[in-house]
Amino acid sequence: MLLLVATACTRPQRVINVFQDCNVQGYCTDVQFRDSILNTVPPDAEWPSYGRTPYGDRHSPLTQITPANVSKLEVAWRFHTGEGAPEFKTRAPTALEVTPLVFRGTMYLSTPLGRVFAVDPTSGNRRWLFDPQVDRNIYFGDFANRGVALWLDSTAAAGSRCSLRIFVATIDTRLISLDAGTGTPCSDFGQLGSVQLRNGLRNAPANAGEYEETSPPTVVGGVVVVGSAVADNNRIDAASGEVRGFDARTGALRWTWHPVPQDSTIPAWRTWVGPNAHRTGAANAWTIFAADPARNVVFVPTSSPSVDYFGGERKGDNQYANSITAINAATGAVIWTFQTVRHDLWDYDNASPPALVTLQVDGRAVPALLLATKTGQLFALNRETGESLFPISRGNVPASDVPGEEAATTQILGSGLPALSPQRLSLDEVWGPTPEGLAACRQRFGELRNDGTFTPPSIRGSLIMPSNVGGAHWGGFAFDPSNDVVVVPTNRIAAVITLIPRAAYEARQGRETVGERIGTEYAMMRGTPFVLKRELFLGPSNAPCTPPPFGALTALSLRTRQILWSVPLGTSEGLEKIGIRVPPGIAGAINLGGPITTASGLVFIGASLDRYFRAFDVTNGRELWKFALPAGGKATPMTYLGSDGRQYVVIAAGGDGKAWGWSDEIIAFALPRSAR
C-alpha cells in the first residue's frame, strides 16, 4: 500500500495505488466491474444517468435542434406528478429538482416525496408509479429528490425481474431497489427492497429532519454508493456524513468511508485537532458523484464540517472535508484526495457535481476531472493522481479575530484557470440603484470586515464574496467535448456573516429563527460560543450592494484557458420574491440549477428566479430562445430522441415552494414536425 502525504498545493494526499485491482492499462477485468449500465457510453438517443454518462459531462450528441431552429421549440407534452393535491400537503415546502432518465424507451423520474414514475418519453403518459409513503409531517430543510439511478445486472437473465433496477434514495433516508419493468420493490435487496441509511451512523441524527437524502445514488461495479444531506449549523456534532457502498443485488453494506477520519493511522486524522474534532459532524457528500466504471472508481465531493462558520472545536486543515476524493468502489479505499478549502469557515461545500473528461495537455491526452466550486474556481485535475493539470496559486489569507478560532493561514487563490465569478468586492465596486442607496451601501461596506477573499466571519460582521450560494453551486456545469468548453452558471452576490456572542443573543431574548437560505437567517450553532446571522449584502431599500449582474452564465475554454463569454443569467423578474428590490431592466438573477450542452452548439438551462427556460449559443452566449415556465426550472434539464424520431428537451418546472414558486410539472419541448 502506497502512503504519501502531499505538501505542495498541487499534490493531493495519495493513499493507495489507483490501479491495484486493475490491469496495467487501468481497466478492471473482473465480472463485477462489467455488470453496470454505466460501463458503456450510452446510445445517442438516451439519457440513462444524471449527467447522461457516468462521467457527468451533461453533453448530448443529438443535433436535430440547432441554433437555427431552436426558436421554433414548442411544448410537446406536460406531465403532472399530482403532488399538488390536498392529500400530498407537506409540513415543509417541496422542490421538484429531478433530472429524468431515459433508457430503452422509458423515462424514469422521481418526486420530492420519493414517488417514482415510469413515463412514455414520446407521449408523456404514465406507465407505472411507486409510492414509498414518505411521512409528510416531518420538516425537511431541503425537501427535494434530484433523480434515480439505473443498474443493469449482467448476471440476470435478460428481461427477468429486477435484471434492470432503479435505485432511489428517499428524503427520509431509505435506499430502495425497484424492478424497472413494474416499479415494484426487489425483495432480495435489504429488507424487502429497502435499506435504512440512518442505521449505523457514527453521529445519530438529532431528529428526523437533520439527516436527508436529496441526490441520486451512483452505481459502480455492482456497488451502490450513497452520501447524505445534513442540516447546517445546528450543532458541532451534527449527524455524520459517512459515504457508504452497498451491494447492488443484496443491499449488504460493503464499505464505509468517513470524511471526518476515525482511523488514527491515516494522515488525514492529524489534520483534525482538539478533543472534539473527531466528533465533528457533516463534511457530508450531498451532491451527485461521478464514476469511472472502467477503473472502478467513484469521485466524491464533500462539504464543510459542522458547524459551517466556527471551527474552534475542529482546528486544523480538516482534510477530506471540502474535498474531491477518488474512492475504490469495490473496497471504499481512498485513492487520492484534493482539498479545495482548508478549515472551511464560509459554507464552501463542494456542491457542484464533478465531470470526467479527456483533455489535451502539452500534446497528450490526459484523463481529467473537472470541479467547479462555490469559491468561483474551476479545477482541472489528473483523474488518476489527483494532481492539478495547471499551476495552482496558494497565498496567505486573513487571520480570524474571533476568540477560539484558528483560520487556515493559506488557501488556494487560483486554480490555474480564470475565476468564474468575482473574488472580492472593493469600495469602488459597491453598487446602489439610487444615490441614496449607493451612499448607504458604501457606509455599511466601511463598517464590515472586508479583507478580500477568505475574510473570516467576525463579531462585527464580515463581507463574504463569493457567498454561500456561490460562485458555482449545486447546478454544476456542462462540458462540450467538441470545443473543450465548460459552461457554468454562477451567483455574484455578496453575503454578510455575523457571529453573535451567545450571551448577548440570549440577553435580548433571541430565539431560534429559520429563514430563507438566500435571505436572512439565524442558526444556533450549539457547542460554540456564538449564534450565526447570515444575510445578503443589501442596502436600505433591499437592493443588492453588489453590482449586477447578480447571476451569470459563463463559458471557459480549456484549450486557451480563457473565458470565452459571460452573459447575465436571468432578469430582475422574481427578485422581489426574496425581498430584493431593483429597478426594472437589471440583468442577472440568483440562480440554482444546471445546464446541458448539445453537439449542435446549444446550451439549455432554467435555474433563474425569473422562471424562464432558455437556450444559448455555446459559441458566443447569445440567447436564442426562452419559455416562461409555471415555476422556476430549479433543476438540470436533459434531452433524448423519442420513438417518433423527434429530439425532446425536458425540464422539471417545479420551483421550490418558496422563491422559485411551485408546480408539479415536468415539461417536454420539441420542434414541430414540419420544422425538422
# chains A, B, ... in the order shown; residues from 1 in each chain; ligands from 1
call {"tool": "residues_around", "arguments": {"residues": "A:Gly281", "least_positions_apart": "3", "cutoff": "10 Å", "atoms": "only C-alpha atoms", "output": "MDAnalysis selection string"}}
result
chainID A and resid 202:205 230 232 235:242 259:260 277:278 284 304:307
call {"tool": "write_last_selection", "arguments": {"atoms": "N, CA and C atoms", "output": "mmCIF file, in the first residue's frame"}}
result
data_model
loop_
_atom_site.group_PDB
_atom_site.id
_atom_site.type_symbol
_atom_site.label_atom_id
_atom_site.label_comp_id
_atom_site.auth_asym_id
_atom_site.auth_seq_id
_atom_site.Cartn_x
_atom_site.Cartn_y
_atom_site.Cartn_z
ATOM 1 N N ARG A 202 -22.178 7.136 12.664
ATOM 2 C CA ARG A 202 -21.316 7.472 13.803
ATOM 3 C C ARG A 202 -21.999 8.472 14.717
ATOM 4 N N ASN A 203 -22.514 9.563 14.160
ATOM 5 C CA ASN A 203 -23.318 10.531 14.907
ATOM 6 C C ASN A 203 -24.763 10.360 14.474
ATOM 7 N N ALA A 204 -25.614 9.932 15.372
ATOM 8 C CA ALA A 204 -27.019 9.743 15.023
ATOM 9 C C ALA A 204 -27.689 11.093 14.835
ATOM 10 N N PRO A 205 -28.640 11.203 13.921
ATOM 11 C CA PRO A 205 -29.380 12.452 13.754
ATOM 12 C C PRO A 205 -30.147 12.813 15.017
ATOM 13 N N VAL A 230 -26.975 16.852 5.294
ATOM 14 C CA VAL A 230 -27.045 17.098 6.731
ATOM 15 C C VAL A 230 -27.376 18.563 6.967
ATOM 16 N N ASP A 232 -27.380 22.223 8.224
ATOM 17 C CA ASP A 232 -26.236 23.046 8.602
ATOM 18 C C ASP A 232 -26.454 23.766 9.926
ATOM 19 N N ARG A 235 -25.433 22.173 15.337
ATOM 20 C CA ARG A 235 -24.580 21.737 16.444
ATOM 21 C C ARG A 235 -23.260 21.242 15.882
ATOM 22 N N ILE A 236 -22.210 21.268 16.719
ATOM 23 C CA ILE A 236 -20.893 20.868 16.230
ATOM 24 C C ILE A 236 -20.834 19.375 15.924
ATOM 25 N N ASP A 237 -21.595 18.561 16.685
ATOM 26 C CA ASP A 237 -21.597 17.118 16.452
ATOM 27 C C ASP A 237 -22.862 16.722 15.698
ATOM 28 N N ALA A 238 -23.098 17.394 14.593
ATOM 29 C CA ALA A 238 -24.257 17.095 13.756
ATOM 30 C C ALA A 238 -24.187 15.662 13.251
ATOM 31 N N ALA A 239 -25.255 15.226 12.617
ATOM 32 C CA ALA A 239 -25.253 13.892 12.020
ATOM 33 C C ALA A 239 -24.017 13.728 11.143
ATOM 34 N N SER A 240 -23.410 12.567 11.203
ATOM 35 C CA SER A 240 -22.151 12.341 10.493
ATOM 36 C C SER A 240 -22.410 12.035 9.028
ATOM 37 N N GLY A 241 -21.403 12.362 8.207
ATOM 38 C CA GLY A 241 -21.579 12.310 6.759
ATOM 39 C C GLY A 241 -20.897 11.152 6.086
ATOM 40 N N GLU A 242 -20.968 9.954 6.672
ATOM 41 C CA GLU A 242 -20.350 8.801 6.038
ATOM 42 C C GLU A 242 -20.844 8.602 4.601
ATOM 43 N N PRO A 259 -15.602 10.961 6.027
ATOM 44 C CA PRO A 259 -14.959 12.239 5.689
ATOM 45 C C PRO A 259 -14.359 12.950 6.903
ATOM 46 N N VAL A 260 -14.868 12.669 8.094
ATOM 47 C CA VAL A 260 -14.179 13.069 9.323
ATOM 48 C C VAL A 260 -13.443 11.817 9.791
ATOM 49 N N ALA A 277 -12.649 17.300 17.936
ATOM 50 C CA ALA A 277 -12.515 17.394 16.477
ATOM 51 C C ALA A 277 -13.055 16.159 15.763
ATOM 52 N N HIS A 278 -12.755 14.969 16.265
ATOM 53 C CA HIS A 278 -13.162 13.758 15.571
ATOM 54 C C HIS A 278 -14.614 13.383 15.850
ATOM 55 N N ASN A 284 -20.300 16.010 4.817
ATOM 56 C CA ASN A 284 -21.018 15.004 4.044
ATOM 57 C C ASN A 284 -20.917 15.258 2.546
ATOM 58 N N SER A 304 -18.644 21.175 3.944
ATOM 59 C CA SER A 304 -17.989 21.724 5.128
ATOM 60 C C SER A 304 -18.375 20.916 6.366
ATOM 61 N N PRO A 305 -17.476 20.858 7.351
ATOM 62 C CA PRO A 305 -17.811 20.180 8.603
ATOM 63 C C PRO A 305 -18.754 21.051 9.431
ATOM 64 N N SER A 306 -19.388 20.448 10.426
ATOM 65 C CA SER A 306 -20.257 21.231 11.309
ATOM 66 C C SER A 306 -19.410 21.879 12.420
ATOM 67 N N VAL A 307 -19.738 23.120 12.767
ATOM 68 C CA VAL A 307 -20.672 23.988 12.074
ATOM 69 C C VAL A 307 -19.920 24.770 10.993
#
call {"tool": "residues_around", "arguments": {"residues": "stretch 617-622 of chain A", "least_positions_apart": "3", "cutoff": "12 Å", "atoms": "only C-alpha atoms", "output": "ChimeraX atom specification"}}
result
/A:59,65-71,478-489,552-557,563-569,595-605,614,625-626
call {"tool": "select_by_dssp", "arguments": {"residues": "stretch 615-655 of chain A", "states": "strand (DSSP E or B)", "output": "VMD selection string"}}
result
chain A and resid 615 to 617 623 to 628 638 to 641 647 to 652 655
call {"tool": "atom_distance", "arguments": {"atom1": "atom CA of A:Phe669", "atom2": "atom CA of A:Gly574"}}
result
23.5 Å
call {"tool": "residues_around", "arguments": {"residues": "A:Ala330", "least_positions_apart": "3", "cutoff": "10 Å", "atoms": "only C-alpha atoms", "output": "PDB file with N, CA and C atoms, in the first residue's frame"}}
result
ATOM      1  N   ASP A  21      -6.436  -2.917  -8.394  1.00  0.00           N
ATOM      2  CA  ASP A  21      -7.338  -4.002  -8.740  1.00  0.00           C
ATOM      3  C   ASP A  21      -7.496  -4.170 -10.238  1.00  0.00           C
ATOM      4  N   GLN A  32     -17.537  -8.379 -11.834  1.00  0.00           N
ATOM      5  CA  GLN A  32     -18.299  -7.453 -11.007  1.00  0.00           C
ATOM      6  C   GLN A  32     -18.127  -6.011 -11.479  1.00  0.00           C
ATOM      7  N   PHE A  33     -17.088  -5.746 -12.261  1.00  0.00           N
ATOM      8  CA  PHE A  33     -16.875  -4.397 -12.763  1.00  0.00           C
ATOM      9  C   PHE A  33     -17.517  -4.206 -14.138  1.00  0.00           C
ATOM     10  N   VAL A 220     -21.633   1.623  -9.284  1.00  0.00           N
ATOM     11  CA  VAL A 220     -20.362   1.330  -9.941  1.00  0.00           C
ATOM     12  C   VAL A 220     -19.975  -0.108  -9.609  1.00  0.00           C
ATOM     13  N   GLY A 221     -19.798  -0.923 -10.647  1.00  0.00           N
ATOM     14  CA  GLY A 221     -19.300  -2.273 -10.425  1.00  0.00           C
ATOM     15  C   GLY A 221     -20.114  -3.083  -9.443  1.00  0.00           C
ATOM     16  N   GLY A 222     -21.433  -2.970  -9.506  1.00  0.00           N
ATOM     17  CA  GLY A 222     -22.274  -3.750  -8.612  1.00  0.00           C
ATOM     18  C   GLY A 222     -22.347  -3.216  -7.204  1.00  0.00           C
ATOM     19  N   VAL A 223     -21.895  -1.984  -6.986  1.00  0.00           N
ATOM     20  CA  VAL A 223     -21.957  -1.344  -5.670  1.00  0.00           C
ATOM     21  C   VAL A 223     -22.733  -0.037  -5.795  1.00  0.00           C
ATOM     22  N   VAL A 224     -23.708   0.163  -4.922  1.00  0.00           N
ATOM     23  CA  VAL A 224     -24.481   1.401  -4.878  1.00  0.00           C
ATOM     24  C   VAL A 224     -23.808   2.319  -3.865  1.00  0.00           C
ATOM     25  N   VAL A 225     -23.300   3.455  -4.347  1.00  0.00           N
ATOM     26  CA  VAL A 225     -22.577   4.396  -3.485  1.00  0.00           C
ATOM     27  C   VAL A 225     -23.514   5.560  -3.176  1.00  0.00           C
ATOM     28  N   GLY A 245     -20.976   2.154   0.562  1.00  0.00           N
ATOM     29  CA  GLY A 245     -21.207   1.336  -0.612  1.00  0.00           C
ATOM     30  C   GLY A 245     -21.990   0.091  -0.239  1.00  0.00           C
ATOM     31  N   PHE A 246     -23.110  -0.154  -0.938  1.00  0.00           N
ATOM     32  CA  PHE A 246     -23.963  -1.311  -0.664  1.00  0.00           C
ATOM     33  C   PHE A 246     -23.988  -2.232  -1.884  1.00  0.00           C
ATOM     34  N   ASP A 247     -24.059  -3.520  -1.636  1.00  0.00           N
ATOM     35  CA  ASP A 247     -24.164  -4.480  -2.720  1.00  0.00           C
ATOM     36  C   ASP A 247     -25.454  -4.215  -3.495  1.00  0.00           C
ATOM     37  N   ARG A 254     -21.062  -2.950   2.015  1.00  0.00           N
ATOM     38  CA  ARG A 254     -19.738  -3.398   1.575  1.00  0.00           C
ATOM     39  C   ARG A 254     -18.624  -2.579   2.216  1.00  0.00           C
ATOM     40  N   TRP A 255     -18.846  -1.277   2.385  1.00  0.00           N
ATOM     41  CA  TRP A 255     -17.802  -0.435   2.970  1.00  0.00           C
ATOM     42  C   TRP A 255     -18.382   0.892   3.446  1.00  0.00           C
ATOM     43  N   ASN A 296     -13.268   1.408 -12.024  1.00  0.00           N
ATOM     44  CA  ASN A 296     -13.987   1.079 -10.797  1.00  0.00           C
ATOM     45  C   ASN A 296     -13.747   2.122  -9.704  1.00  0.00           C
ATOM     46  N   VAL A 297     -13.838   3.386 -10.097  1.00  0.00           N
ATOM     47  CA  VAL A 297     -13.583   4.492  -9.175  1.00  0.00           C
ATOM     48  C   VAL A 297     -14.794   5.414  -9.141  1.00  0.00           C
ATOM     49  N   VAL A 298     -15.151   5.870  -7.961  1.00  0.00           N
ATOM     50  CA  VAL A 298     -16.189   6.875  -7.794  1.00  0.00           C
ATOM     51  C   VAL A 298     -15.534   8.119  -7.208  1.00  0.00           C
ATOM     52  N   ILE A 327     -12.382   7.240  -4.805  1.00  0.00           N
ATOM     53  CA  ILE A 327     -12.571   6.089  -3.925  1.00  0.00           C
ATOM     54  C   ILE A 327     -12.730   4.829  -4.763  1.00  0.00           C
ATOM     55  N   ALA A 333     -11.627   2.142  -0.358  1.00  0.00           N
ATOM     56  CA  ALA A 333     -10.309   2.695  -0.058  1.00  0.00           C
ATOM     57  C   ALA A 333     -10.103   4.015  -0.805  1.00  0.00           C
TER      58      ALA A 333
END
call {"tool": "atom_distance", "arguments": {"atom1": "atom CA of A:Gly56", "atom2": "atom CA of A:Val300"}}
result
12.2 Å
call {"tool": "residues_around", "arguments": {"residues": "A:Arg104", "least_positions_apart": "2", "cutoff": "10 Å", "atoms": "only C-alpha atoms", "output": "count of residues only"}}
result
8
call {"tool": "residues_around", "arguments": {"residues": "A:Gln64", "least_positions_apart": "6", "cutoff": "12 Å", "atoms": "only C-alpha atoms", "output": "ChimeraX atom specification"}}
result
/A:44-45,70,73,598-602,639-642,645-649,670-673,675-676
call {"tool": "residues_around", "arguments": {"residues": "A:Ala321", "least_positions_apart": "3", "cutoff": "10 Å", "atoms": "only C-alpha atoms", "output": "VMD selection string"}}
result
chain A and resid 241 258 to 261 268 282 to 285 301 to 305 317 to 318 324 to 325 337 to 344 349 to 350
call {"tool": "atom_distance", "arguments": {"atom1": "atom CA of A:Gly181", "atom2": "atom CA of A:Val195"}}
result
20.9 Å
call {"tool": "residues_around", "arguments": {"residues": "A:Asp153", "least_positions_apart": "2", "cutoff": "9 Å", "atoms": "only C-alpha atoms", "output": "count of residues only"}}
result
15
call {"tool": "closest_residue", "arguments": {"among": "A:Leu152, A:Val531, A:Val75, A:Cys186", "to": "A:Ser123", "atoms": "only C-alpha atoms"}}
result
A:Val75
call {"tool": "decode", "arguments": {"residues": "stretch 200-225 of chain A", "atoms": "N, CA and C atoms", "output": "JSON list (two decimals), in the first residue's frame"}}
result
[["chain", "number", "residue", "atom", "x", "y", "z"],
["A", 200, "GLY", "N", -26.59, 2.81, 11.82],
["A", 200, "GLY", "CA", -25.15, 2.63, 11.86],
["A", 200, "GLY", "C", -24.33, 3.88, 11.70],
["A", 201, "LEU", "N", -24.95, 5.06, 11.71],
["A", 201, "LEU", "CA", -24.17, 6.29, 11.59],
["A", 201, "LEU", "C", -23.34, 6.54, 12.85],
["A", 202, "ARG", "N", -22.18, 7.14, 12.66],
["A", 202, "ARG", "CA", -21.32, 7.47, 13.80],
["A", 202, "ARG", "C", -22.00, 8.47, 14.72],
["A", 203, "ASN", "N", -22.51, 9.56, 14.16],
["A", 203, "ASN", "CA", -23.32, 10.53, 14.91],
["A", 203, "ASN", "C", -24.76, 10.36, 14.47],
["A", 204, "ALA", "N", -25.61, 9.93, 15.37],
["A", 204, "ALA", "CA", -27.02, 9.74, 15.02],
["A", 204, "ALA", "C", -27.69, 11.09, 14.84],
["A", 205, "PRO", "N", -28.64, 11.20, 13.92],
["A", 205, "PRO", "CA", -29.38, 12.45, 13.75],
["A", 205, "PRO", "C", -30.15, 12.81, 15.02],
["A", 206, "ALA", "N", -30.20, 14.11, 15.32],
["A", 206, "ALA", "CA", -30.93, 14.58, 16.49],
["A", 206, "ALA", "C", -32.43, 14.49, 16.29],
["A", 207, "ASN", "N", -32.85, 14.56, 15.04],
["A", 207, "ASN", "CA", -34.27, 14.46, 14.71],
["A", 207, "ASN", "C", -34.38, 13.99, 13.27],
["A", 208, "ALA", "N", -35.60, 13.71, 12.84],
["A", 208, "ALA", "CA", -35.82, 13.13, 11.52],
["A", 208, "ALA", "C", -35.42, 14.06, 10.39],
["A", 209, "GLY", "N", -35.44, 15.38, 10.64],
["A", 209, "GLY", "CA", -35.14, 16.32, 9.58],
["A", 209, "GLY", "C", -33.69, 16.71, 9.46],
["A", 210, "GLU", "N", -32.83, 16.24, 10.38],
["A", 210, "GLU", "CA", -31.42, 16.66, 10.34],
["A", 210, "GLU", "C", -30.63, 15.90, 9.27],
["A", 211, "TYR", "N", -31.07, 14.72, 8.92],
["A", 211, "TYR", "CA", -30.32, 13.84, 8.01],
["A", 211, "TYR", "C", -31.26, 13.44, 6.88],
["A", 212, "GLU", "N", -30.87, 13.73, 5.62],
["A", 212, "GLU", "CA", -31.75, 13.54, 4.48],
["A", 212, "GLU", "C", -30.99, 12.91, 3.32],
["A", 213, "GLU", "N", -31.75, 12.51, 2.31],
["A", 213, "GLU", "CA", -31.18, 12.12, 1.02],
["A", 213, "GLU", "C", -31.87, 12.95, -0.05],
["A", 214, "THR", "N", -31.10, 13.69, -0.83],
["A", 214, "THR", "CA", -31.67, 14.56, -1.86],
["A", 214, "THR", "C", -31.16, 14.25, -3.26],
["A", 215, "SER", "N", -30.05, 13.54, -3.38],
["A", 215, "SER", "CA", -29.45, 13.27, -4.68],
["A", 215, "SER", "C", -29.50, 11.78, -5.01],
["A", 216, "PRO", "N", -29.46, 11.43, -6.30],
["A", 216, "PRO", "CA", -29.47, 10.01, -6.65],
["A", 216, "PRO", "C", -28.19, 9.33, -6.25],
["A", 217, "PRO", "N", -28.26, 8.03, -5.94],
["A", 217, "PRO", "CA", -27.02, 7.28, -5.69],
["A", 217, "PRO", "C", -26.26, 7.06, -6.98],
["A", 218, "THR", "N", -25.07, 6.49, -6.86],
["A", 218, "THR", "CA", -24.23, 6.16, -8.01],
["A", 218, "THR", "C", -23.91, 4.68, -7.95],
["A", 219, "VAL", "N", -24.12, 3.97, -9.05],
["A", 219, "VAL", "CA", -23.87, 2.53, -9.08],
["A", 219, "VAL", "C", -22.61, 2.27, -9.91],
["A", 220, "VAL", "N", -21.63, 1.62, -9.28],
["A", 220, "VAL", "CA", -20.36, 1.33, -9.94],
["A", 220, "VAL", "C", -19.97, -0.11, -9.61],
["A", 221, "GLY", "N", -19.80, -0.92, -10.65],
["A", 221, "GLY", "CA", -19.30, -2.27, -10.43],
["A", 221, "GLY", "C", -20.11, -3.08, -9.44],
["A", 222, "GLY", "N", -21.43, -2.97, -9.51],
["A", 222, "GLY", "CA", -22.27, -3.75, -8.61],
["A", 222, "GLY", "C", -22.35, -3.22, -7.20],
["A", 223, "VAL", "N", -21.89, -1.98, -6.99],
["A", 223, "VAL", "CA", -21.96, -1.34, -5.67],
["A", 223, "VAL", "C", -22.73, -0.04, -5.80],
["A", 224, "VAL", "N", -23.71, 0.16, -4.92],
["A", 224, "VAL", "CA", -24.48, 1.40, -4.88],
["A", 224, "VAL", "C", -23.81, 2.32, -3.87],
["A", 225, "VAL", "N", -23.30, 3.46, -4.35],
["A", 225, "VAL", "CA", -22.58, 4.40, -3.48],
["A", 225, "VAL", "C", -23.51, 5.56, -3.18]]
